[in-house]
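Take a look at the structure set out below.
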Amino acid sequence: MYAYDEIDRTLVNERVSEFRDQVQRRLSGELTEDEFKMLRLQNGVYLQLHAYMFRVAIPYGTLATNQLRALAHVARKYDRGYGHFTTRQNIQFNWIKLSDLPDALADLAEVGIHAMQTSGNNMRNVTSDQWAGVAPGEIEDPRIWSELIRQHTTLHPEFSFLPRKFKIAITASDHDRAAIKVHDIGLRLIKNEKGETGFEVLVGGGLGRTPFIGKTIKHFVHGRDLLSYIEAILRVYNQYGRRDNIYKARIKILVHELGIEKFSREVEEEWQHLRNSSLQIDDEVIEDIRSRFIYPTYEKLPHMPDELRQAAADPEFEAWRKNSVAPHKVQGYSIVTISLKPIGAPPGDATADQMDALADLADKYSFGEIRVGHEQNLALPHVAKRDLPALWKALDKLGLATPNVNLITDIIACPGLDYCSLANARSIPIAQELTRRFANHELANLIGRLHINISGCINACGHHHVGHIGILGVEKNGEEVYQITIGGRADENAALGNLIGPGVKFDEVADVVEDIVEAYLALRERPEELFVETVKRLGVEPFKERVYATR
Amino acid sequence: MPLVNGGKIADDSFVKLAVDTPLPEGGDILVPAERFLGEAEALLKRGGKIGVIWPNNRDIAELVPYLGKIAVVALVFPSFRDGRAYSQARLLRERYNYRGELRATGQVLRDQFVFMLRAGFDSFEVKKQADAEAFMQTAKRYSVFYQPTGDGRITALHRRMQLRHSEGVGT
């Protein structure tokens, strides 16, 4: 956990007071809606179909229990008793009143939570691996660097009015859980031959209307140069990114139009001016940030405690353990993923009561820490293995022990037409229907790891391009039509999915997905061959045949 | 449109000339970039101060040879959403060491003041009277800054280092 100091707290409070003034000026009519729009977006407030939507940052996905309780409090006091966790480690509240927003922000500020730059054309909430600091084999904790970037990007005097939004993600593991290749800047923490920390820097990834996988712009940027190098990229983008067309304004288009070689030359030239400036980071600064991350004092525990051995006789516990519990870097501990994907419910939602109860469980079993992942699930990062059976029972009572992590019903979906003013089609009902179709745990287990991603419009908030099965809702002649892609992935082997054929109607989507899955089960070489691997080996064609033969 | 200079509402001694307005005899003038570059020699010889209005899509480096001789650089915000002039301002101050007046023009609203001050602007053609009147109050809104810029305000990181070192004394 990163602990705010007086300096961080002061800034957050100053931002709350500024926003209170901005809301006041809007309510008095001093600001036009056009002028206010930009100001509210810079603080995470959208106007949706039914109400204002309020998006709160959970930087690099780390939450303390008092923070989770504050989110529950906001859900209960100012909203309708629940919140929605997003694909970028944020939480959204869908029914908040404009006049309540300053108070909600003030309540959150008390526990060091803010909504700065969770929307708008600025540098967004920096995201990272939700298993940072606890994953076995991780090079070092990427959150130290995430926090450095969080501070540097907050209220940046030069880059708060960019051509378009700008997202940065960091990973420090071989297996990329932060989807860095689909971010404007992706950072992979590595060591050079001297053992010094640095980053492979990727640029120009992103989904939306024109999806691109990020390209490596520099193979090694030393840690001390990280901020100056990011600053150089942003300065080139701020000056040359397109502002004439909102759909061509992301950095991925600039990189594509200039070509990565020319773009990287521009950045390099700018960086030569900046690298020896006050942006250079001393080791002491890093150590100062590191010192404010509080790590648990782990006990020396056995690899296989009796409690776990006994619980293994319970098939329901085992079903949950097998897909929700992952190895921890410390012996005797585990990382527990908490599925926010119960059968038949909207993906990523949690009620205020669940949040409060989960905070209690995190205090009891996880050193007071909770993580939020881009798959719209939560995690308890430091659970002693001996506590797993008790934790499971408690989670089950809360409806938080659905044993489907990484399985076909662990669906990522945007809010879609049920909430969003940009959407062309519904997402949540598609997800709900799919979870019902594949509710049988044996079947889901037989299928194995399979990620379905659903977006209700081309803006791709559900990351459909990188779903193993991607579903994109569009509008055609006043009707919802869904385009289906297969073979996408968001990890270290990131790839965009390929279209399987013509779009299908709302009622047919679940049938088509069933056909695709049946085809996979028939076509896979062995049970361990994952869906994406079969698609990679055989291409789209055999799946297409299966789906469209009878349509 | 009120001008804020030195933190308060001030008179503007400069007259803005279009590309083809005849040159007045005396007095201070602000000239579009294109005209300035075309007639630089003649313009700089004349009495009265001279300033340049520089568009946000033109490389600011072109102005560098003249920076010692001009009194004002006016950068343009065609819309408050368009942030290119922030980069130009920082380049002028931090890379090219420009010390004259740096003026923000166009859609300049209250909520940009802090960003502009940090980027190096010191005068502001403010769109609304109420915003101009609120300038000093708005400029003091923040006391914590995370990024180093040419404005010399101490950053959060450095303040922490100072605190660390002062705590270290005598222990």
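A note on labels: chains of the structure tokens are A, B, ... as shown, every chain counts residues from 1, and ligands are counted from 1 in their shown order.
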
> Excluding same-chain residues fewer than 4 positions from Asp122 of chain B, what lies within 9 Å of it counting only C-alpha atoms, as a PyMOL selection string?
Replying inline: chain B and resi 4-7+101-104+116-117

Residues of chain A that have any atom at most 9 Å from an atom of chain B: could you tabulate them with the shortest-distance atom pair and the distance in Å to one decimal, using only C-alpha atoms, ordered by chain and increasing number, as CSV?
residue,atom,partner,partner_atom,distance
A:Ile7,CA,B:Val144,CA,6.7
A:Asp8,CA,B:Val144,CA,7.9
A:Thr10,CA,B:Val144,CA,7.0
A:Leu11,CA,B:Val144,CA,5.6
A:Glu14,CA,B:Tyr142,CA,6.1
A:Arg15,CA,B:Tyr142,CA,8.0
A:Ser17,CA,B:Arg141,CA,8.5
A:Glu18,CA,B:Arg141,CA,7.3
A:Gln22,CA,B:Asp111,CA,8.5
A:Glu35,CA,B:Phe80,CA,8.6
A:Met38,CA,B:Arg81,CA,7.7
A:Leu39,CA,B:Asp111,CA,8.0
A:Asn121,CA,B:Arg81,CA,8.5
A:Gln151,CA,B:Tyr146,CA,5.8
A:His152,CA,B:Tyr146,CA,5.5
A:Thr153,CA,B:Tyr146,CA,8.0
A:Thr154,CA,B:Tyr146,CA,7.1
A:Leu155,CA,B:Tyr146,CA,8.0
A:His156,CA,B:Gln147,CA,6.8
A:Pro157,CA,B:Phe115,CA,4.4
A:Glu158,CA,B:Tyr86,CA,5.1
A:Phe159,CA,B:Gly83,CA,7.1
A:Ser160,CA,B:Gly83,CA,7.3
A:Phe161,CA,B:Gly83,CA,4.6
A:Leu162,CA,B:Gly83,CA,6.0
A:Pro163,CA,B:Asp82,CA,7.2
A:Arg235,CA,B:Ser87,CA,6.7
A:Asn238,CA,B:Arg84,CA,5.9
A:Gln239,CA,B:Arg84,CA,5.4
A:Tyr240,CA,B:Asn57,CA,8.3
A:Arg243,CA,B:Asp82,CA,7.9
A:His273,CA,B:Arg95,CA,8.1
A:Ser278,CA,B:Pro148,CA,6.6
A:Leu279,CA,B:Pro148,CA,7.0
A:Glu284,CA,B:Met161,CA,8.0
A:Val285,CA,B:Leu157,CA,6.8
A:Asp288,CA,B:Met161,CA,8.0

Could you please take those selected residues and save C-alpha atoms as a PDB file, in the first residue's frame?
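Output (part-v1.pdb):
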ATOM      1  CA  ILE A   7       1.745  16.852   0.475  1.00  0.00           C
ATOM      2  CA  ASP A   8      -0.439  14.371  -1.456  1.00  0.00           C
ATOM      3  CA  THR A  10      -3.091  18.777   0.400  1.00  0.00           C
ATOM      4  CA  LEU A  11      -3.187  18.484  -3.372  1.00  0.00           C
ATOM      5  CA  GLU A  14      -7.118  21.604  -3.211  1.00  0.00           C
ATOM      6  CA  ARG A  15      -8.550  19.771  -6.204  1.00  0.00           C
ATOM      7  CA  SER A  17     -12.154  22.727  -3.449  1.00  0.00           C
ATOM      8  CA  GLU A  18     -11.488  23.762  -7.055  1.00  0.00           C
ATOM      9  CA  GLN A  22     -16.496  24.793 -10.706  1.00  0.00           C
ATOM     10  CA  GLU A  35     -17.168  25.196 -20.727  1.00  0.00           C
ATOM     11  CA  MET A  38     -14.271  19.873 -20.117  1.00  0.00           C
ATOM     12  CA  LEU A  39     -13.897  20.739 -16.441  1.00  0.00           C
ATOM     13  CA  ASN A 121      -8.166  14.514 -22.968  1.00  0.00           C
ATOM     14  CA  GLN A 151       2.296  12.022  -9.364  1.00  0.00           C
ATOM     15  CA  HIS A 152       4.024  13.323 -12.449  1.00  0.00           C
ATOM     16  CA  THR A 153       0.915  13.114 -14.619  1.00  0.00           C
ATOM     17  CA  THR A 154      -1.451  14.661 -12.062  1.00  0.00           C
ATOM     18  CA  LEU A 155      -2.512  18.187 -13.100  1.00  0.00           C
ATOM     19  CA  HIS A 156       0.372  18.368 -15.546  1.00  0.00           C
ATOM     20  CA  PRO A 157       0.775  21.994 -16.663  1.00  0.00           C
ATOM     21  CA  GLU A 158       1.651  21.129 -20.261  1.00  0.00           C
ATOM     22  CA  PHE A 159      -0.358  18.003 -21.006  1.00  0.00           C
ATOM     23  CA  SER A 160      -3.811  18.593 -19.560  1.00  0.00           C
ATOM     24  CA  PHE A 161      -5.300  19.573 -22.934  1.00  0.00           C
ATOM     25  CA  LEU A 162      -3.984  16.872 -25.247  1.00  0.00           C
ATOM     26  CA  PRO A 163      -5.478  16.010 -28.645  1.00  0.00           C
ATOM     27  CA  ARG A 235       5.556  16.818 -26.028  1.00  0.00           C
ATOM     28  CA  ASN A 238       0.864  17.445 -27.872  1.00  0.00           C
ATOM     29  CA  GLN A 239       2.333  19.428 -30.746  1.00  0.00           C
ATOM     30  CA  TYR A 240       1.776  17.093 -33.673  1.00  0.00           C
ATOM     31  CA  ARG A 243      -6.823  17.873 -33.535  1.00  0.00           C
ATOM     32  CA  HIS A 273      17.034  18.220 -24.511  1.00  0.00           C
ATOM     33  CA  SER A 278      15.285  18.315 -13.374  1.00  0.00           C
ATOM     34  CA  LEU A 279      13.159  15.430 -14.647  1.00  0.00           C
ATOM     35  CA  GLU A 284      16.800   8.855  -3.317  1.00  0.00           C
ATOM     36  CA  VAL A 285      13.474   9.920  -4.788  1.00  0.00           C
ATOM     37  CA  ASP A 288      11.381   7.860  -0.724  1.00  0.00           C
TER      38      ASP A 288
END

Could you give me, as a PDB file with N, CA and C atoms, in the first residue's frame, the residues within 10 Å of segment 24-27 of chain B, counting only C-alpha atoms and dropping anything in the same chain fewer than 5 positions from it?
ATOM      1  N   SER B  13      -0.902  48.460 -23.565  1.00  0.00           N
ATOM      2  CA  SER B  13      -0.326  49.531 -24.398  1.00  0.00           C
ATOM      3  C   SER B  13      -0.156  49.080 -25.854  1.00  0.00           C
ATOM      4  N   PHE B  14      -0.364  47.783 -26.080  1.00  0.00           N
ATOM      5  CA  PHE B  14      -0.108  47.253 -27.423  1.00  0.00           C
ATOM      6  C   PHE B  14      -1.350  47.308 -28.310  1.00  0.00           C
ATOM      7  N   VAL B  15      -1.122  47.671 -29.574  1.00  0.00           N
ATOM      8  CA  VAL B  15      -2.180  47.650 -30.579  1.00  0.00           C
ATOM      9  C   VAL B  15      -1.913  46.457 -31.490  1.00  0.00           C
ATOM     10  N   LEU B  17      -1.982  44.530 -34.871  1.00  0.00           N
ATOM     11  CA  LEU B  17      -2.052  44.819 -36.302  1.00  0.00           C
ATOM     12  C   LEU B  17      -2.394  43.538 -37.053  1.00  0.00           C
ATOM     13  N   ARG B  46      11.931  50.483 -35.860  1.00  0.00           N
ATOM     14  CA  ARG B  46      10.981  51.541 -35.559  1.00  0.00           C
ATOM     15  C   ARG B  46      10.913  51.800 -34.048  1.00  0.00           C
ATOM     16  N   GLY B  47      10.454  52.999 -33.655  1.00  0.00           N
ATOM     17  CA  GLY B  47      10.301  53.301 -32.231  1.00  0.00           C
ATOM     18  C   GLY B  47       9.105  52.554 -31.665  1.00  0.00           C
ATOM     19  N   GLY B  48       8.993  52.436 -30.373  1.00  0.00           N
ATOM     20  CA  GLY B  48       7.876  51.692 -29.771  1.00  0.00           C
ATOM     21  C   GLY B  48       8.227  50.218 -29.663  1.00  0.00           C
ATOM     22  N   LYS B  49       7.593  49.585 -28.684  1.00  0.00           N
ATOM     23  CA  LYS B  49       7.892  48.160 -28.474  1.00  0.00           C
ATOM     24  C   LYS B  49       7.190  47.303 -29.505  1.00  0.00           C
ATOM     25  N   ILE B  50       7.740  46.118 -29.716  1.00  0.00           N
ATOM     26  CA  ILE B  50       7.110  45.209 -30.670  1.00  0.00           C
ATOM     27  C   ILE B  50       6.888  43.834 -30.051  1.00  0.00           C
TER      28      ILE B  50
END

> Near Phe212 of chain A, counting only C-alpha atoms, which residues have an atom at most 10 Å away, once you skip same-chain residues fewer than 4 positions from it, shown as number ranges by chain?
Replying inline: A: 181-184, 203-208, 252-253, 256, 465, 495-496

>> Which of segment 21-163 of chain B end up as helix (DSSP H, G or I) when DSSP is run on this backbone - answer as a PyMOL selection string?
In response: chain B and resi 33-45+60-66+84-95+110-119+129-133+135-139+156-163

>> Applying 10 Å and only C-alpha atoms, which residues near Val72 of chain B remain after dropping the ones on its own chain fewer than 3 positions away? List them as a list in words.
In response: Phe14, Asp28, Ile29, Leu30, Val31, Lys49, Ile50, Gly51, Val52, Ile53, Leu67, Lys69, Leu75, Tyr98, Arg99, Gly100, Glu101, Leu102, Arg103 and Ser123 of chain B

>> So that I can check the secondary structure, give me every residue of chain B assigned strand (DSSP E) by backbone DSSP, as a ChimeraX atom specification.
In response: /B:3-5,8-10,14-16,28-32,50-54,72-77,101-106,123-125

Can you spit out the residues from that selection as an mmCIF file, in the first residue's frame, using N, CA and C atoms?
data_model
loop_
_atom_site.group_PDB
_atom_site.id
_atom_site.type_symbol
_atom_site.label_atom_id
_atom_site.label_comp_id
_atom_site.auth_asym_id
_atom_site.auth_seq_id
_atom_site.Cartn_x
_atom_site.Cartn_y
_atom_site.Cartn_z
ATOM 1 N N LEU B 3 -6.972 42.680 -19.748
ATOM 2 C CA LEU B 3 -5.628 42.105 -19.718
ATOM 3 C C LEU B 3 -5.186 42.000 -18.254
ATOM 4 N N VAL B 4 -4.717 40.825 -17.899
ATOM 5 C CA VAL B 4 -4.128 40.662 -16.571
ATOM 6 C C VAL B 4 -2.621 40.589 -16.749
ATOM 7 N N ASN B 5 -1.925 41.475 -16.063
ATOM 8 C CA ASN B 5 -0.473 41.504 -16.180
ATOM 9 C C ASN B 5 0.094 41.754 -14.788
ATOM 10 N N LYS B 8 -2.529 41.545 -11.924
ATOM 11 C CA LYS B 8 -3.753 42.347 -11.805
ATOM 12 C C LYS B 8 -4.192 42.910 -13.151
ATOM 13 N N ILE B 9 -5.414 43.392 -13.167
ATOM 14 C CA ILE B 9 -5.944 43.947 -14.399
ATOM 15 C C ILE B 9 -5.155 45.207 -14.747
ATOM 16 N N ALA B 10 -4.678 45.263 -15.988
ATOM 17 C CA ALA B 10 -3.781 46.356 -16.376
ATOM 18 C C ALA B 10 -4.184 46.898 -17.739
ATOM 19 N N PHE B 14 -0.364 47.783 -26.080
ATOM 20 C CA PHE B 14 -0.108 47.253 -27.423
ATOM 21 C C PHE B 14 -1.350 47.308 -28.310
ATOM 22 N N VAL B 15 -1.122 47.671 -29.574
ATOM 23 C CA VAL B 15 -2.180 47.650 -30.579
ATOM 24 C C VAL B 15 -1.913 46.457 -31.490
ATOM 25 N N LYS B 16 -2.984 45.677 -31.743
ATOM 26 C CA LYS B 16 -2.799 44.501 -32.606
ATOM 27 C C LYS B 16 -2.939 44.900 -34.074
ATOM 28 N N ASP B 28 3.248 50.931 -29.207
ATOM 29 C CA ASP B 28 3.613 49.516 -29.124
ATOM 30 C C ASP B 28 2.675 48.689 -30.000
ATOM 31 N N ILE B 29 3.235 47.762 -30.729
ATOM 32 C CA ILE B 29 2.399 46.966 -31.653
ATOM 33 C C ILE B 29 2.629 45.466 -31.477
ATOM 34 N N LEU B 30 1.526 44.714 -31.721
ATOM 35 C CA LEU B 30 1.589 43.243 -31.772
ATOM 36 C C LEU B 30 1.316 42.832 -33.213
ATOM 37 N N VAL B 31 2.231 42.062 -33.780
ATOM 38 C CA VAL B 31 2.186 41.750 -35.208
ATOM 39 C C VAL B 31 2.072 40.242 -35.405
ATOM 40 N N PRO B 32 1.254 39.799 -36.369
ATOM 41 C CA PRO B 32 1.192 38.360 -36.637
ATOM 42 C C PRO B 32 2.556 37.807 -37.079
ATOM 43 N N ILE B 50 7.740 46.118 -29.716
ATOM 44 C CA ILE B 50 7.110 45.209 -30.670
ATOM 45 C C ILE B 50 6.888 43.834 -30.051
ATOM 46 N N GLY B 51 5.729 43.304 -30.375
ATOM 47 C CA GLY B 51 5.417 41.955 -29.923
ATOM 48 C C GLY B 51 4.942 41.124 -31.113
ATOM 49 N N VAL B 52 4.984 39.787 -30.948
ATOM 50 C CA VAL B 52 4.617 38.886 -32.043
ATOM 51 C C VAL B 52 3.496 37.956 -31.588
ATOM 52 N N ILE B 53 2.495 37.813 -32.465
ATOM 53 C CA ILE B 53 1.428 36.842 -32.189
ATOM 54 C C ILE B 53 1.788 35.556 -32.922
ATOM 55 N N TRP B 54 2.041 34.518 -32.162
ATOM 56 C CA TRP B 54 2.579 33.286 -32.755
ATOM 57 C C TRP B 54 1.509 32.181 -32.753
ATOM 58 N N VAL B 72 7.041 41.235 -26.384
ATOM 59 C CA VAL B 72 5.928 40.342 -26.067
ATOM 60 C C VAL B 72 5.884 39.184 -27.064
ATOM 61 N N VAL B 73 5.693 37.983 -26.560
ATOM 62 C CA VAL B 73 5.266 36.886 -27.426
ATOM 63 C C VAL B 73 3.849 36.526 -26.984
ATOM 64 N N ALA B 74 2.904 36.625 -27.923
ATOM 65 C CA ALA B 74 1.517 36.275 -27.615
ATOM 66 C C ALA B 74 1.218 34.922 -28.241
ATOM 67 N N LEU B 75 0.940 33.935 -27.401
ATOM 68 C CA LEU B 75 0.594 32.597 -27.905
ATOM 69 C C LEU B 75 -0.926 32.456 -27.906
ATOM 70 N N VAL B 76 -1.410 31.523 -28.717
ATOM 71 C CA VAL B 76 -2.834 31.515 -29.029
ATOM 72 C C VAL B 76 -3.511 30.217 -28.573
ATOM 73 N N PHE B 77 -4.649 30.368 -27.893
ATOM 74 C CA PHE B 77 -5.511 29.238 -27.559
ATOM 75 C C PHE B 77 -6.805 29.404 -28.358
ATOM 76 N N GLU B 101 7.690 39.477 -21.893
ATOM 77 C CA GLU B 101 6.296 39.149 -21.548
ATOM 78 C C GLU B 101 5.803 37.990 -22.407
ATOM 79 N N LEU B 102 5.159 37.026 -21.766
ATOM 80 C CA LEU B 102 4.580 35.894 -22.483
ATOM 81 C C LEU B 102 3.079 35.916 -22.234
ATOM 82 N N ARG B 103 2.361 36.177 -23.303
ATOM 83 C CA ARG B 103 0.942 36.480 -23.150
ATOM 84 C C ARG B 103 0.060 35.340 -23.689
ATOM 85 N N ALA B 104 -0.954 34.986 -22.929
ATOM 86 C CA ALA B 104 -1.933 33.990 -23.384
ATOM 87 C C ALA B 104 -3.106 34.728 -24.020
ATOM 88 N N THR B 105 -3.446 34.328 -25.251
ATOM 89 C CA THR B 105 -4.565 34.973 -25.935
ATOM 90 C C THR B 105 -5.526 33.914 -26.465
ATOM 91 N N GLY B 106 -6.717 34.352 -26.856
ATOM 92 C CA GLY B 106 -7.718 33.422 -27.383
ATOM 93 C C GLY B 106 -8.736 33.106 -26.312
ATOM 94 N N SER B 123 1.208 37.099 -18.704
ATOM 95 C CA SER B 123 0.101 38.018 -18.963
ATOM 96 C C SER B 123 -1.004 37.279 -19.707
ATOM 97 N N PHE B 124 -2.231 37.783 -19.538
ATOM 98 C CA PHE B 124 -3.398 36.997 -19.946
ATOM 99 C C PHE B 124 -4.478 37.906 -20.511
ATOM 100 N N GLU B 125 -4.867 37.669 -21.736
ATOM 101 C CA GLU B 125 -6.042 38.362 -22.270
ATOM 102 C C GLU B 125 -7.241 37.495 -21.910
#

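Atom CA of Asp103 of chain A sits 20.6 Å away from atom CA of Glu6 of chain A.
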
> Within 12 Å of Ala413 of chain A, counting only C-alpha atoms, which residues qualify if same-chain residues fewer than 4 places away don't, as a VMD selection string?
Replying inline: chain A and resid 84 to 87 340 to 341 345 to 349 374 to 377 409 417 to 418 425 to 432 434 451 to 457 460 to 464 467 469 to 473

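One distance worth recording is that between atom CA of Glu200 of chain A and atom CA of Met123 of chain A, which is 19.5 Å.
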